[in-house]
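Structure file work.txt (compact mmCIF, C-alpha atoms) is printed below.
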# COMPACT_ATOMS: atom_id res chain seq x y z
CA MET A 2 21.54 -134.83 108.42
CA GLU A 3 23.97 -137.50 109.59
CA GLY A 4 26.56 -136.11 111.96
CA ALA A 5 24.65 -132.93 112.74
CA CYS A 6 23.62 -132.46 116.33
CA SER A 7 20.00 -132.16 117.31
CA SER A 8 18.35 -130.05 119.98
CA SER A 9 15.79 -131.11 122.53
CA SER A 10 14.27 -127.63 122.34
CA SER A 11 11.65 -127.54 119.63
CA SER A 12 11.43 -124.58 117.28
CA PRO A 13 7.98 -123.10 116.63
CA PHE A 14 8.88 -122.69 112.96
CA LYS A 15 10.81 -125.84 112.10
CA ASP A 16 10.08 -127.25 108.65
CA ALA A 17 11.21 -130.07 106.39
CA GLU A 18 13.60 -127.92 104.38
CA MET A 19 15.53 -126.81 107.45
CA GLU A 20 15.68 -130.42 108.69
CA ALA A 21 17.68 -131.34 105.56
CA GLN A 22 20.42 -128.77 106.33
CA THR A 23 23.18 -128.63 108.90
CA PRO A 24 22.31 -126.41 111.89
CA LEU A 25 24.87 -123.82 110.84
CA THR A 26 23.62 -123.61 107.26
CA ALA A 27 20.01 -123.40 108.42
CA VAL A 28 20.60 -120.44 110.71
CA ALA A 29 22.85 -118.63 108.21
CA GLU A 30 20.19 -118.97 105.51
CA ALA A 31 17.44 -117.87 107.89
CA PHE A 32 19.21 -114.58 108.65
CA GLU A 33 20.17 -114.05 105.02
CA ASP A 34 16.51 -114.50 104.09
CA LEU A 35 15.59 -111.98 106.77
CA GLY A 36 18.08 -109.51 105.32
CA ARG A 37 16.73 -109.95 101.81
CA SER A 38 13.19 -109.15 102.97
CA TRP A 39 14.11 -106.12 105.10
CA ASP A 40 15.96 -102.89 104.36
CA CYS A 41 17.70 -102.00 107.63
CA ARG A 42 18.26 -98.43 106.43
CA SER A 43 14.62 -97.51 105.89
CA GLU A 44 12.30 -100.22 107.21
CA GLU A 45 11.20 -101.36 110.64
CA LEU A 46 12.07 -104.96 111.46
CA GLN A 47 8.91 -107.05 111.72
CA VAL A 48 8.63 -109.25 114.81
CA GLU A 49 7.43 -112.46 113.17
CA PRO A 50 10.18 -112.87 110.54
CA PHE A 51 12.75 -111.87 113.15
CA VAL A 52 11.51 -114.60 115.49
CA PHE A 53 11.47 -117.06 112.60
CA ALA A 54 15.19 -116.46 111.98
CA CYS A 55 16.05 -116.51 115.67
CA SER A 56 14.23 -119.78 116.25
CA HIS A 57 16.94 -121.70 114.38
CA VAL A 58 19.77 -120.56 116.65
CA ALA A 59 18.93 -122.74 119.66
CA GLU A 60 20.26 -125.89 118.00
CA LEU A 61 23.69 -124.30 117.65
CA PHE A 62 23.80 -123.78 121.41
CA GLY A 63 22.89 -127.44 121.79
CA CYS A 64 25.90 -128.43 119.67
CA LEU A 65 28.18 -126.75 122.21
CA GLY A 66 27.07 -129.05 125.00
CA PHE A 67 26.66 -128.46 128.73
CA ALA A 68 28.65 -125.22 128.84
CA PHE A 69 26.01 -123.47 126.74
CA LYS A 70 22.96 -125.24 128.12
CA PHE A 71 22.16 -122.15 130.18
CA ALA A 72 22.26 -120.02 127.04
CA GLN A 73 20.06 -122.45 125.12
CA ILE A 74 17.39 -122.57 127.83
CA GLU A 75 17.32 -118.81 128.35
CA TYR A 76 17.47 -118.11 124.63
CA VAL A 77 14.55 -120.41 123.77
CA SER A 78 12.49 -118.90 126.58
CA LYS A 79 13.10 -115.36 125.33
CA VAL A 80 12.41 -116.25 121.68
CA ASN A 81 9.12 -117.85 122.74
CA GLY A 82 8.31 -114.65 124.62
CA LEU A 83 8.89 -112.63 121.45
CA LEU A 84 6.74 -115.08 119.53
CA GLU A 85 3.90 -114.18 121.89
CA ALA A 86 4.72 -110.50 121.38
CA SER A 87 4.28 -110.94 117.62
CA LYS A 88 0.57 -111.45 118.26
CA LEU A 89 0.36 -107.92 119.69
CA PHE A 90 3.03 -105.90 117.86
CA ASP A 91 3.98 -105.67 114.19
CA ASN A 92 7.58 -104.57 114.59
CA LEU A 93 10.36 -104.34 117.17
CA SER A 94 10.06 -100.57 117.44
CA ASN A 95 6.48 -100.93 118.61
CA ILE A 96 7.65 -103.30 121.35
CA LEU A 97 10.17 -100.77 122.65
CA ASP A 98 7.73 -97.88 122.42
CA ASN A 99 5.09 -99.76 124.40
CA ASP A 100 7.51 -100.80 127.13
CA VAL A 101 8.99 -97.30 127.37
CA LYS A 102 5.47 -95.92 127.74
CA ASN A 103 4.74 -98.39 130.55
CA ASP A 104 8.20 -98.03 132.14
CA VAL A 105 8.93 -101.77 132.00
CA VAL A 106 11.85 -101.92 129.54
CA ARG A 107 14.22 -103.58 132.02
CA LYS A 108 11.58 -105.47 133.97
CA PRO A 109 12.10 -109.26 133.97
CA GLY A 110 9.69 -110.84 131.51
CA SER A 111 9.09 -107.68 129.50
CA HIS A 112 9.30 -107.98 125.73
CA SER A 113 12.08 -105.38 125.61
CA ARG A 114 14.14 -107.38 128.08
CA ASN A 115 13.49 -110.56 126.11
CA LEU A 116 14.66 -108.80 122.95
CA ARG A 117 17.81 -107.63 124.69
CA ARG A 118 18.60 -111.19 125.83
CA VAL A 119 17.97 -112.65 122.36
CA ARG A 120 20.30 -110.03 120.90
CA LEU A 121 22.99 -111.10 123.37
CA GLY A 122 22.53 -114.71 122.28
CA LEU A 123 23.00 -113.78 118.64
CA ASP A 124 26.10 -111.77 119.48
CA LEU A 125 27.54 -114.53 121.66
CA LEU A 126 27.59 -116.89 118.70
CA ARG A 127 28.80 -114.21 116.31
CA THR A 128 31.73 -113.35 118.57
CA MET A 129 32.55 -116.99 119.18
CA PHE A 130 32.60 -117.65 115.43
CA GLU A 131 34.88 -114.66 114.87
CA GLN A 132 37.27 -116.00 117.50
CA PHE A 133 37.08 -119.55 116.12
CA LEU A 134 37.95 -118.38 112.60
CA SER A 135 40.77 -116.10 113.72
CA SER A 136 43.24 -118.99 113.89
CA GLU A 137 43.32 -122.71 113.24
CA GLU A 138 44.99 -123.01 116.64
CA ILE A 139 41.98 -121.61 118.50
CA SER A 140 39.94 -124.33 120.22
CA PRO A 141 36.17 -124.13 120.74
CA LYS A 142 36.84 -123.74 124.47
CA GLU A 143 39.10 -120.73 123.88
CA ALA A 144 36.72 -119.16 121.38
CA ALA A 145 33.68 -119.70 123.59
CA SER A 146 35.41 -118.49 126.77
CA SER A 147 36.56 -115.30 125.06
CA ALA A 148 33.13 -114.67 123.54
CA TYR A 149 31.32 -115.27 126.83
CA ALA A 150 33.67 -112.96 128.73
CA GLN A 151 33.11 -110.21 126.17
CA VAL A 152 29.37 -110.51 125.49
CA CYS A 153 27.52 -112.05 128.44
CA ALA A 154 29.72 -112.19 131.55
CA PRO A 155 29.35 -108.47 132.34
CA PHE A 156 25.61 -109.00 132.84
CA HIS A 157 25.68 -112.29 134.75
CA THR A 158 25.97 -112.95 138.47
CA TRP A 159 29.06 -114.51 140.01
CA ALA A 160 27.22 -117.83 140.40
CA ILE A 161 26.34 -118.00 136.70
CA ARG A 162 29.83 -116.96 135.62
CA THR A 163 31.33 -119.65 137.85
CA ALA A 164 29.02 -122.34 136.47
CA VAL A 165 29.74 -121.32 132.90
CA GLY A 166 33.48 -121.31 133.56
CA ALA A 167 33.31 -124.85 134.90
CA GLY A 168 31.19 -125.95 131.95
CA MET A 169 33.72 -124.64 129.42
CA CYS A 170 35.87 -127.68 130.17
CA THR A 171 33.18 -129.88 128.60
CA LEU A 172 33.26 -128.15 125.21
CA PRO A 173 34.11 -130.45 122.29
CA THR A 174 37.44 -130.34 120.48
CA ARG A 175 37.62 -128.58 117.14
CA ASP A 176 37.28 -131.86 115.21
CA HIS A 177 34.45 -133.09 117.41
CA LEU A 178 32.58 -129.81 116.99
CA LEU A 179 32.79 -130.14 113.21
CA LEU A 180 31.42 -133.66 113.52
CA LYS A 181 28.53 -132.51 115.72
CA LEU A 182 27.73 -129.69 113.31
CA GLY A 183 27.93 -132.01 110.30
CA ASP A 184 30.42 -129.67 108.63
CA THR A 185 33.97 -129.80 107.25
CA ASP A 186 36.78 -127.29 107.81
CA GLU A 187 35.84 -125.59 104.55
CA SER A 188 32.09 -125.55 105.03
CA VAL A 189 32.19 -124.46 108.67
CA GLU A 190 34.30 -121.42 107.77
CA ARG A 191 31.93 -120.51 104.94
CA GLU A 192 28.78 -120.91 107.04
CA MET A 193 30.18 -119.14 110.10
CA ARG A 194 31.16 -116.17 107.93
CA ARG A 195 27.67 -116.14 106.43
CA TYR A 196 26.19 -116.01 109.94
CA ILE A 197 28.58 -113.24 111.05
CA VAL A 198 27.68 -111.05 108.08
CA ALA A 199 23.94 -111.78 108.15
CA THR A 200 23.48 -111.10 111.88
CA SER A 201 25.65 -107.98 112.13
CA ALA A 202 23.05 -105.64 110.63
CA VAL A 203 20.34 -107.14 112.85
CA ILE A 204 22.42 -106.75 116.02
CA ASP A 205 23.32 -103.15 115.15
CA TYR A 206 19.68 -102.36 114.39
CA ILE A 207 18.51 -103.73 117.75
CA ASP A 208 21.19 -101.80 119.62
CA ASN A 209 20.06 -98.60 117.92
CA LEU A 210 16.45 -99.22 118.96
CA TYR A 211 17.56 -98.85 122.58
CA LEU A 212 20.16 -96.12 122.11
CA SER A 213 17.81 -93.94 120.04
CA ARG A 214 15.43 -93.99 123.02
CA ASN A 215 18.21 -93.07 125.47
CA ILE A 216 18.30 -96.61 126.86
CA THR A 217 21.83 -97.74 127.70
CA LEU A 218 23.07 -101.25 126.87
CA ASP A 219 24.76 -102.00 130.21
CA TRP A 220 22.20 -104.58 131.36

Would you mind writing the file out in structure tokens?
Amino acid sequence: MEGACSSSSSSPFKDAEMEAQTPLTAVAEAFEDLGRSWDCRSEELQVEPFVFACSHVAELFGCLGFAFKFAQIEYVSKVNGLLEASKLFDNLSNILDNDVKNDVVRKPGSHSRNLRRVRLGLDLLRTMFEQFLSSEEISPKEAASSAYAQVCAPFHTWAIRTAVGAGMCTLPTRDHLLLKLGDTDESVEREMRRYIVATSAVIDYIDNLYLSRNITLDW
């Protein structure tokens, strides 16, 4: 769509229908579709549809420019890791159970660690959108800085935090971000709220997978 940013990171599930939408609409619809096919109160979340929804998020990181390049690269890598996991495990619970059994939950490269990092990526955007919508005076830089400090900074090294802080200065203005997303003031608010609602149940479900197995979330 004209005006919408594009990502150099290819999605394993990209299709013609998603190409016709703005990045924000595509990801909001993907998570709403996931919610319609899954009852978070009584059903396990299947790996493949989860990865399908997550695969559309990378382009949103691309719209934020250099400051979020680190997040885009790491996020795509972790989603691809979960895509490989879908060939071995039916649902996310099975992933956690297998890694707990083998004592590799926090080990770099493990599927459980990849899932944890993907969850942080989803929450980073959710928190940024909440900040962005809290006031018309909030700039993308302010929203992103606040979201990063809350969601990801506690788990990053000083070097990464410093690089991200420097990159925040390159974030687009509010008007430029809308142009890159291919949205208007009205549509961006609608689509961001859709994303916030649709991802909240997924994020809470993933957190509970760890907590119910006595795995803390401080990593």

Got a sec: who's within 10 Å of Ala72 of chain A, counting all atoms listed in the file, leaving out chain neighbours fewer than 6 positions off, as a PyMOL selection string? chain A and resi 59+62-63+78+118-119+121-122+125+153+165

Of the candidates A:Ile74, A:Val58, A:Leu134, A:Ile207, which one gets nearest to Ala29 of chain A if we count all atoms listed in the file?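 So, comparing all the options, the nearest one is A:Val58.
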
Report as JSON the centre and the edge lengths, in Å to one decimal, of the axis-aligned box holding every listed atom of segment 73-91 of chain A, padded by 3 Å on each side.
{"center_x": 10.2, "center_y": -114.1, "center_z": 121.3, "size_x": 25.7, "size_y": 22.9, "size_z": 20.2}

Take atom CA of Ser87 of chain A and atom CA of Val52 of chain A and report the distance between them in Å, one decimal.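 Atom CA of Val52 of chain A lies 8.4 Å from atom CA of Ser87 of chain A.
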
For the point (30.7, -110.0, 121.1) in the file's frame, write as a PyMOL selection string all residues with an atom no more than 9 Å away, counting only C-alpha atoms. chain A and resi 121+123-129+131+147-153

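Nearest residue to Leu25 of chain A among A:Leu172, A:Val80, A:Met193, A:Leu65 is A:Met193, counting only C-alpha atoms.
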
For Thr163 of chain A, the closest of A:Thr26, A:Gly36, A:Leu97, A:Ala68 counting all atoms listed in the file is A:Ala68

Atom CA of Asp186 of chain A and atom CA of Glu137 of chain A, how far apart in Å?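 The value is 9.7 Å.
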
Quick one: of A:Tyr76, A:Phe130, A:Leu218, A:Leu35, who's nearest to Arg191 of chain A, counting only C-alpha atoms? A:Phe130

I'd like to know which of A:Ala199, A:Ile204, A:Leu46, A:Ile216 is closest to Asn95 of chain A, using all atoms listed in the file.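 Looking at the shortest contact to Asn95 of chain A, the residue is A:Leu46.
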
Option closest in space to Asn115 of chain A, from A:Val101, A:Leu210, A:Leu84, A:Leu182 [counting all atoms listed in the file]: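 Result for the nearest residue to Asn115 of chain A: A:Leu84.
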
At a cut-off of 12 Å, using all atoms listed in the file, what residues contact Asn209 of chain A? Leave out same-chain residues fewer than 3 positions from it and give the result as an NGL selection string. :A and (41-42 or 45 or 93-94 or 97 or 117 or 120 or 202-206 or 212-218)

So how far away is atom CA of Asp91 of chain A from atom CA of Phe156 of chain A, in Å?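 Going from atom CA of Phe156 of chain A over to atom CA of Asp91 of chain A covers 28.8 Å.
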
Any chance you could model N, CA, C and O atoms for segment 185-201 of chain A and send them as a short mmCIF file (atom, residue, chain, number, x, y, z; two decimals), keeping the file's coordinate frame?
data_model
loop_
_atom_site.label_atom_id
_atom_site.label_comp_id
_atom_site.auth_asym_id
_atom_site.auth_seq_id
_atom_site.Cartn_x
_atom_site.Cartn_y
_atom_site.Cartn_z
N THR A 185 32.54 -129.61 107.46
CA THR A 185 33.97 -129.80 107.25
C THR A 185 34.68 -128.50 107.59
O THR A 185 34.04 -127.47 107.85
N ASP A 186 36.02 -128.52 107.57
CA ASP A 186 36.78 -127.29 107.81
C ASP A 186 36.37 -126.19 106.83
O ASP A 186 36.22 -125.02 107.21
N GLU A 187 36.19 -126.57 105.57
CA GLU A 187 35.84 -125.59 104.55
C GLU A 187 34.42 -125.08 104.72
O GLU A 187 34.17 -123.87 104.67
N SER A 188 33.48 -125.98 104.94
CA SER A 188 32.09 -125.55 105.03
C SER A 188 31.80 -124.79 106.31
O SER A 188 31.00 -123.85 106.32
N VAL A 189 32.45 -125.16 107.42
CA VAL A 189 32.19 -124.46 108.67
C VAL A 189 32.68 -123.02 108.59
O VAL A 189 32.02 -122.10 109.11
N GLU A 190 33.81 -122.80 107.94
CA GLU A 190 34.30 -121.42 107.77
C GLU A 190 33.33 -120.62 106.92
O GLU A 190 32.98 -119.48 107.26
N ARG A 191 32.86 -121.20 105.82
CA ARG A 191 31.93 -120.51 104.94
C ARG A 191 30.63 -120.16 105.68
O ARG A 191 30.15 -119.02 105.61
N GLU A 192 30.07 -121.13 106.39
CA GLU A 192 28.78 -120.91 107.04
C GLU A 192 28.89 -119.98 108.24
O GLU A 192 28.00 -119.18 108.49
N MET A 193 29.99 -120.06 108.98
CA MET A 193 30.18 -119.14 110.10
C MET A 193 30.30 -117.71 109.59
O MET A 193 29.76 -116.77 110.19
N ARG A 194 31.02 -117.52 108.48
CA ARG A 194 31.16 -116.17 107.93
C ARG A 194 29.81 -115.66 107.43
O ARG A 194 29.51 -114.47 107.55
N ARG A 195 29.02 -116.53 106.85
CA ARG A 195 27.67 -116.14 106.43
C ARG A 195 26.85 -115.66 107.63
O ARG A 195 26.16 -114.64 107.56
N TYR A 196 26.93 -116.39 108.72
CA TYR A 196 26.19 -116.01 109.94
C TYR A 196 26.69 -114.66 110.47
O TYR A 196 25.89 -113.79 110.83
N ILE A 197 28.01 -114.49 110.54
CA ILE A 197 28.58 -113.24 111.05
C ILE A 197 28.07 -112.04 110.25
O ILE A 197 27.63 -111.04 110.82
N VAL A 198 28.12 -112.15 108.94
CA VAL A 198 27.68 -111.05 108.08
C VAL A 198 26.17 -110.83 108.21
O VAL A 198 25.70 -109.68 108.35
N ALA A 199 25.40 -111.90 108.17
CA ALA A 199 23.94 -111.78 108.15
C ALA A 199 23.38 -111.24 109.46
O ALA A 199 22.36 -110.55 109.46
N THR A 200 24.02 -111.56 110.59
CA THR A 200 23.48 -111.10 111.88
C THR A 200 23.98 -109.73 112.29
O THR A 200 23.37 -109.08 113.15
N SER A 201 25.06 -109.25 111.69
CA SER A 201 25.65 -107.98 112.13
C SER A 201 24.68 -106.82 111.97
O SER A 201 24.54 -105.98 112.88
#
